[in-house]
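*Asks:* Encoded as structure tokens, here's the structure I'll be asking about.
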Amino acid sequence: MAQPGEPGSLSSPDARAAVEVSGLSRRFGSFQALDNVSLTIREGEFFSLLGPSGCGKTTLLRIIGGLDLADSGSVAIGGEAMERIPAHRRPVNTVFQSYALFPHMTVAENVAFGLRMKKIAAADIAERVARALEMVQIGSFASRKPAQLSGGQKQRVALARALINEPRVLLLDEPLGALDLKLRKELQVELHTLQRRLGITFIFVTHDQEEALVMSDRIALMRAGQIEQIGDAEEIYERPRNRFVSQFLGSCNLIEARGWSPGGAGESLAETPLGTLRVEGGGAPTAGRESFTLAIRPEKLRLLPAGETGENRVPARVSQVIYIGSESHFQLEAGGRPLLAYAMNETRGAHELEPGASLTVHLPAASLLALED
Amino acid sequence: MKRPSWLLTLGVALLYVFLYAPIVVVIVFSFNAARYGGPWTGFTTAWYGRLLDSPEKLLAARNTLVLAVVSTLFSTVLGTLLGFGLSRYRFPGQKLFSWLMYIPVVIPDIVMAVAMLMFYGLVRQTLGLFELGLATMIVSHVTFQIPFVAIVVRSRLVGMDPAIEEAAHDLGANAWQTFRLVTLPMILPAVVAGGMLAFTLSLDDFVVSFFTTGPGANTLPILIYASVKRGITPDINALSSLIILASVLGTIAMMLAERRQEPRGTS
């Protein structure tokens with residue numbers, strides 16, 4: 001699954017595509033929720049739609065599920081156009097953020113609902129319900145009402161209720177959003193394992209970057225109704241295309257650069273407030289651009305003793321140290337601008353740096369990346 | 001929890017006396033042997049017996065019940081549909097519709113009664129329909145009951161998580177199945193409450209009934225009004241007591257129904 005992410009491929013319907021979205025737009029009054037979004041989700045993939053609230057990720061999910069209609073554009077599921085197919089006849093099922101369990105039915109009745117609608121024989125239903133409840137480890141709660149369950153148990157019921165229908169694609173709308181951190185982490189692992197075992201395509205909406213990184217094969221990062229970048233976790237973290245992507249996932253030092261001067265083959269030089277930096281990390285094309293941004297992750301910075309000189313080495317001062325156990329976070333000041341650096345605490349007292357101390361920061365050329373904006 | 005102060009206790013006591021003393025008096029005097037009210041002269045249940053001997057009063061009771069039951073059935077179904085439509089669909093003029101719904105609630109009964117009377121007169125002249133009687137009373141009652149049911153049902157629907165109905169859709173239920181299997185069971189307490197409200201409104205309505213009734217279609221409120229003009233007799237007290245008893249039983253039934261609807265605690 002480590003193929004380079006094609007940014008919203010517009011190619012003809014792909015047999016291996018579970019979901020194919022092209023040119024989707026949706027407007028609510030004056031608010032553009034989706035703006036010409038195209039994307040292909042592969043069969044059997046764990047795909048996350050990640051972004052801040054209001055970025056259109058839930059709207060996109062709802063349109064795929066048929067719970068909302070697009071103003072323009074098209075959705076195909078398994079190669080079949082969905083325009084005229086209402087929600088109740090689409091080969092997808094949804095797990096809602098609010099669980100949306102039927103409060104007047106027992107757990108077993110909730111889970112059986114989809115099969116009942118398909119007119120499956122009662123004996124088959126009973127057997128499949130029992131198996132589905134076992135799968136999410138809530139077999140002993142079959143005769144309870146939703147009001148008697150905890151948040152995590154409700155979420156398992158919602159999951160069983162959707163999966164029992166063996167959907168072609170499972171849509172999950174921030175399903176872990178209402179749970180506490182510990183339970184969320186447990187369920188993240190469980191969801192991931194379950195998806196691997198069943199081989200069903202999952203489309204997972206979340207605003208939690210860590211959740212997306214942990215679980216997904218690929219992530220689409222969205223902002224203001226558009227997709228900013230698609231790729232696997234490493235790709236999006238290591239090679240963000242622009243400032244938004246670099247800042248949304250983890251922390252990132254952004255350095256404004258000017259007067260780009262091409263260096264030797266496969267490398268370049270950039271004028272920055274920190275001096276001239278050699279850039280090997282690649283990224284966006286840079287030829288002829290007057291003003292752009294260089295990005296470097298805090299953990300890529302090297303902290304060296306004061307006075308060391310050499311390529312991409314910059315004098316700096318410590319303004320703040322935050323000790324968080326496994327690592328320390330250093331707020332530095334270099335060339336009149338702040339820089340953030342993370343360093344592992346490999347030994348006790350590995351970094352005896354007090355605020356005000358002087359040091360040299362090394363920005364490795366291979367870790368510097370030119371952004372598109 | 002704090003104990004209420006004596007002032008508050010006194011206030012509440014006065015309130016209850018004010019509310020219920022007249023009712024208690026009616027009930028007590030329905031057992032008074034005196035023929036024309038006045039002082040207590042002895043205990044008797046004769047007045048209740050006399051009610052049963054009066055075909056006029058039995059017919060009025062029957063009319064009242066038929067009117068209340070039939071109009072409640074119609075208005076509960078129509079009001080539920082109206083509440084559902086107004087909260088679940090978007091259409092042009094929706095605001096206006098919601099607002100119009102409150103008019104029968106707000107305008108005085110007497111205005112509505114006169115309007116109905118004139119309307120039936122007009123229809124009768126041109127089409128020969130709507131001869132005044134039980135049927136016109138039922139139509140009139142349904143008219144003023146619908147908004148009450150719709151308002152109660154709609155408030156319940158507005159408070160419902162829309163994702164629950166979406167989940168039913170998502171799981172393969174069409175619009176009708178979603179309504180029957182998910183929405184209706186969830187709003188049932190509101191539908192029952194709306195229906196009870198409609199029933200009570202019909203049961204004690206005097207003004208609209210009085211204006212839209214026809215020959216032989218007396219209801220209890222109309223009958224009581226007519227007798228009281230000739231002086232309060234003990235059998236009217238007995239009749240009123242029976243109506244009070246019916247109302248109390250109805251209220252208890254509604255409370256029991258509501259308690260059964262609530263989800264039970266963790267077992």
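Labels for the structure tokens follow display order: chains A, B, ..., residues from 1 in each chain, ligands from 1.
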Which residues come within 10 Å of Ala224 of chain A, counting only C-alpha atoms, excluding same-chain residues fewer than 4 positions away, as a ChimeraX atom specification?

*Replies:* /A:31-35,51-57,228

*Asks:* For the selection you just gave me, I'd like the residues written to a file as a PDB file, in the first residue's frame, keeping N, CA, C and O atoms.

*Replies:*
ATOM      1  N   PHE A  31     -22.318  28.532   2.530  1.00  0.00           N
ATOM      2  CA  PHE A  31     -21.156  27.764   2.979  1.00  0.00           C
ATOM      3  C   PHE A  31     -20.838  26.655   1.988  1.00  0.00           C
ATOM      4  O   PHE A  31     -21.676  25.787   1.712  1.00  0.00           O
ATOM      5  N   GLN A  32     -19.633  26.691   1.434  1.00  0.00           N
ATOM      6  CA  GLN A  32     -19.214  25.674   0.475  1.00  0.00           C
ATOM      7  C   GLN A  32     -18.622  24.498   1.256  1.00  0.00           C
ATOM      8  O   GLN A  32     -17.459  24.536   1.651  1.00  0.00           O
ATOM      9  N   ALA A  33     -19.419  23.465   1.464  1.00  0.00           N
ATOM     10  CA  ALA A  33     -18.960  22.331   2.279  1.00  0.00           C
ATOM     11  C   ALA A  33     -17.998  21.447   1.496  1.00  0.00           C
ATOM     12  O   ALA A  33     -17.033  20.930   2.046  1.00  0.00           O
ATOM     13  N   LEU A  34     -18.274  21.260   0.211  1.00  0.00           N
ATOM     14  CA  LEU A  34     -17.396  20.461  -0.645  1.00  0.00           C
ATOM     15  C   LEU A  34     -17.180  21.224  -1.938  1.00  0.00           C
ATOM     16  O   LEU A  34     -18.126  21.754  -2.513  1.00  0.00           O
ATOM     17  N   ASP A  35     -15.939  21.267  -2.392  1.00  0.00           N
ATOM     18  CA  ASP A  35     -15.622  22.072  -3.559  1.00  0.00           C
ATOM     19  C   ASP A  35     -14.867  21.214  -4.576  1.00  0.00           C
ATOM     20  O   ASP A  35     -13.658  21.071  -4.491  1.00  0.00           O
ATOM     21  N   GLY A  51      -9.386  16.084   8.962  1.00  0.00           N
ATOM     22  CA  GLY A  51      -9.404  17.528   8.790  1.00  0.00           C
ATOM     23  C   GLY A  51     -10.091  18.199   9.957  1.00  0.00           C
ATOM     24  O   GLY A  51     -10.767  17.544  10.742  1.00  0.00           O
ATOM     25  N   PRO A  52      -9.921  19.515  10.073  1.00  0.00           N
ATOM     26  CA  PRO A  52     -10.574  20.250  11.157  1.00  0.00           C
ATOM     27  C   PRO A  52     -12.083  20.270  10.944  1.00  0.00           C
ATOM     28  O   PRO A  52     -12.557  19.962   9.855  1.00  0.00           O
ATOM     29  N   SER A  53     -12.859  20.624  11.983  1.00  0.00           N
ATOM     30  CA  SER A  53     -14.312  20.617  11.820  1.00  0.00           C
ATOM     31  C   SER A  53     -14.705  21.668  10.789  1.00  0.00           C
ATOM     32  O   SER A  53     -14.108  22.734  10.709  1.00  0.00           O
ATOM     33  N   GLY A  54     -15.686  21.313   9.970  1.00  0.00           N
ATOM     34  CA  GLY A  54     -16.134  22.210   8.924  1.00  0.00           C
ATOM     35  C   GLY A  54     -15.363  22.063   7.629  1.00  0.00           C
ATOM     36  O   GLY A  54     -15.575  22.822   6.693  1.00  0.00           O
ATOM     37  N   CYS A  55     -14.472  21.045   7.550  1.00  0.00           N
ATOM     38  CA  CYS A  55     -13.669  20.905   6.335  1.00  0.00           C
ATOM     39  C   CYS A  55     -14.414  20.119   5.265  1.00  0.00           C
ATOM     40  O   CYS A  55     -13.965  20.033   4.130  1.00  0.00           O
ATOM     41  N   GLY A  56     -15.557  19.531   5.610  1.00  0.00           N
ATOM     42  CA  GLY A  56     -16.348  18.823   4.604  1.00  0.00           C
ATOM     43  C   GLY A  56     -16.218  17.317   4.660  1.00  0.00           C
ATOM     44  O   GLY A  56     -16.841  16.610   3.877  1.00  0.00           O
ATOM     45  N   LYS A  57     -15.462  16.800   5.638  1.00  0.00           N
ATOM     46  CA  LYS A  57     -15.224  15.357   5.664  1.00  0.00           C
ATOM     47  C   LYS A  57     -16.501  14.568   5.960  1.00  0.00           C
ATOM     48  O   LYS A  57     -16.772  13.549   5.312  1.00  0.00           O
ATOM     49  N   GLU A 228      -6.421  18.441   0.523  1.00  0.00           N
ATOM     50  CA  GLU A 228      -5.110  19.077   0.480  1.00  0.00           C
ATOM     51  C   GLU A 228      -4.038  18.073   0.060  1.00  0.00           C
ATOM     52  O   GLU A 228      -3.103  18.424  -0.639  1.00  0.00           O
TER      53      GLU A 228
END

*Asks:* Using only C-alpha atoms, which residues of chain A come within 6 Å of chain B, and what is the closest atom pair for each, with the distance in Å to one decimal? Give it as a tab-separated table, sorted by chain and residue number.

*Replies:*
residue	atom	partner	partner_atom	distance
A:Ala87	CA	B:Asp170	CA	5.5
A:His88	CA	B:Gly172	CA	3.9
A:Asn93	CA	B:Asp170	CA	5.8
A:Ala100	CA	B:Ile164	CA	4.5
A:Gly114	CA	B:Leu171	CA	4.7
A:Met117	CA	B:Gly172	CA	5.8
A:Gln148	CA	B:Thr266	CA	5.2

*Asks:* Quick one: residues within 12 Å of segment 100-105 of chain B, only C-alpha atoms counted, chain neighbours fewer than 4 positions away excluded, as a PyMOL selection string?

*Replies:* chain B and resi 79+82-83+86+93-96+109-113+115-116+140-151+154+198+201+208

*Asks:* Quick one: pull the distance between atom CA of Ser367 of chain A and atom CA of Glu238 of chain A, Å, one decimal.

*Replies:*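 These two atoms are separated by 8.8 Å.
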
*Asks:* Show which residues sit within 12 Å of segment 176-178 of chain A, as number ranges by chain. Count only C-alpha atoms, and ignore same-chain residues fewer than 4 positions away.

*Replies:* A: 95-99, 150-156, 158-159, 172, 182-191, 204-208, 211-212

*Asks:* Using DSSP on the backbone coordinates, identify the residues of segment 172-327 of chain A assigned to strand (DSSP E or B); present them as a VMD selection string.

*Replies:* chain A and resid 172 to 173 201 to 206 218 to 223 226 to 231 253 to 262 268 to 272 275 to 279 283 291 to 296 302 to 304 313 to 323 327

*Asks:* Using only C-alpha atoms, which residue out of A:Ser291, A:Ser268, A:Thr106, A:Gln320 lies closest to Ala366 of chain A?

*Replies:*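 Distance minimum relative to Ala366 of chain A lands on A:Ser268.
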
*Asks:* What separation in Å, quoted to one decimal, exists between atom CA of Leu203 of chain B and atom CA of Val158 of chain B?

*Replies:*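 These two atoms are separated by 29.0 Å.
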
*Asks:* Restricting the calculation to only C-alpha atoms, which member of B:Ser227, B:Ser202, B:Val192, B:Val114 is positioned closest to Thr76 of chain B?

*Replies:* B:Val192
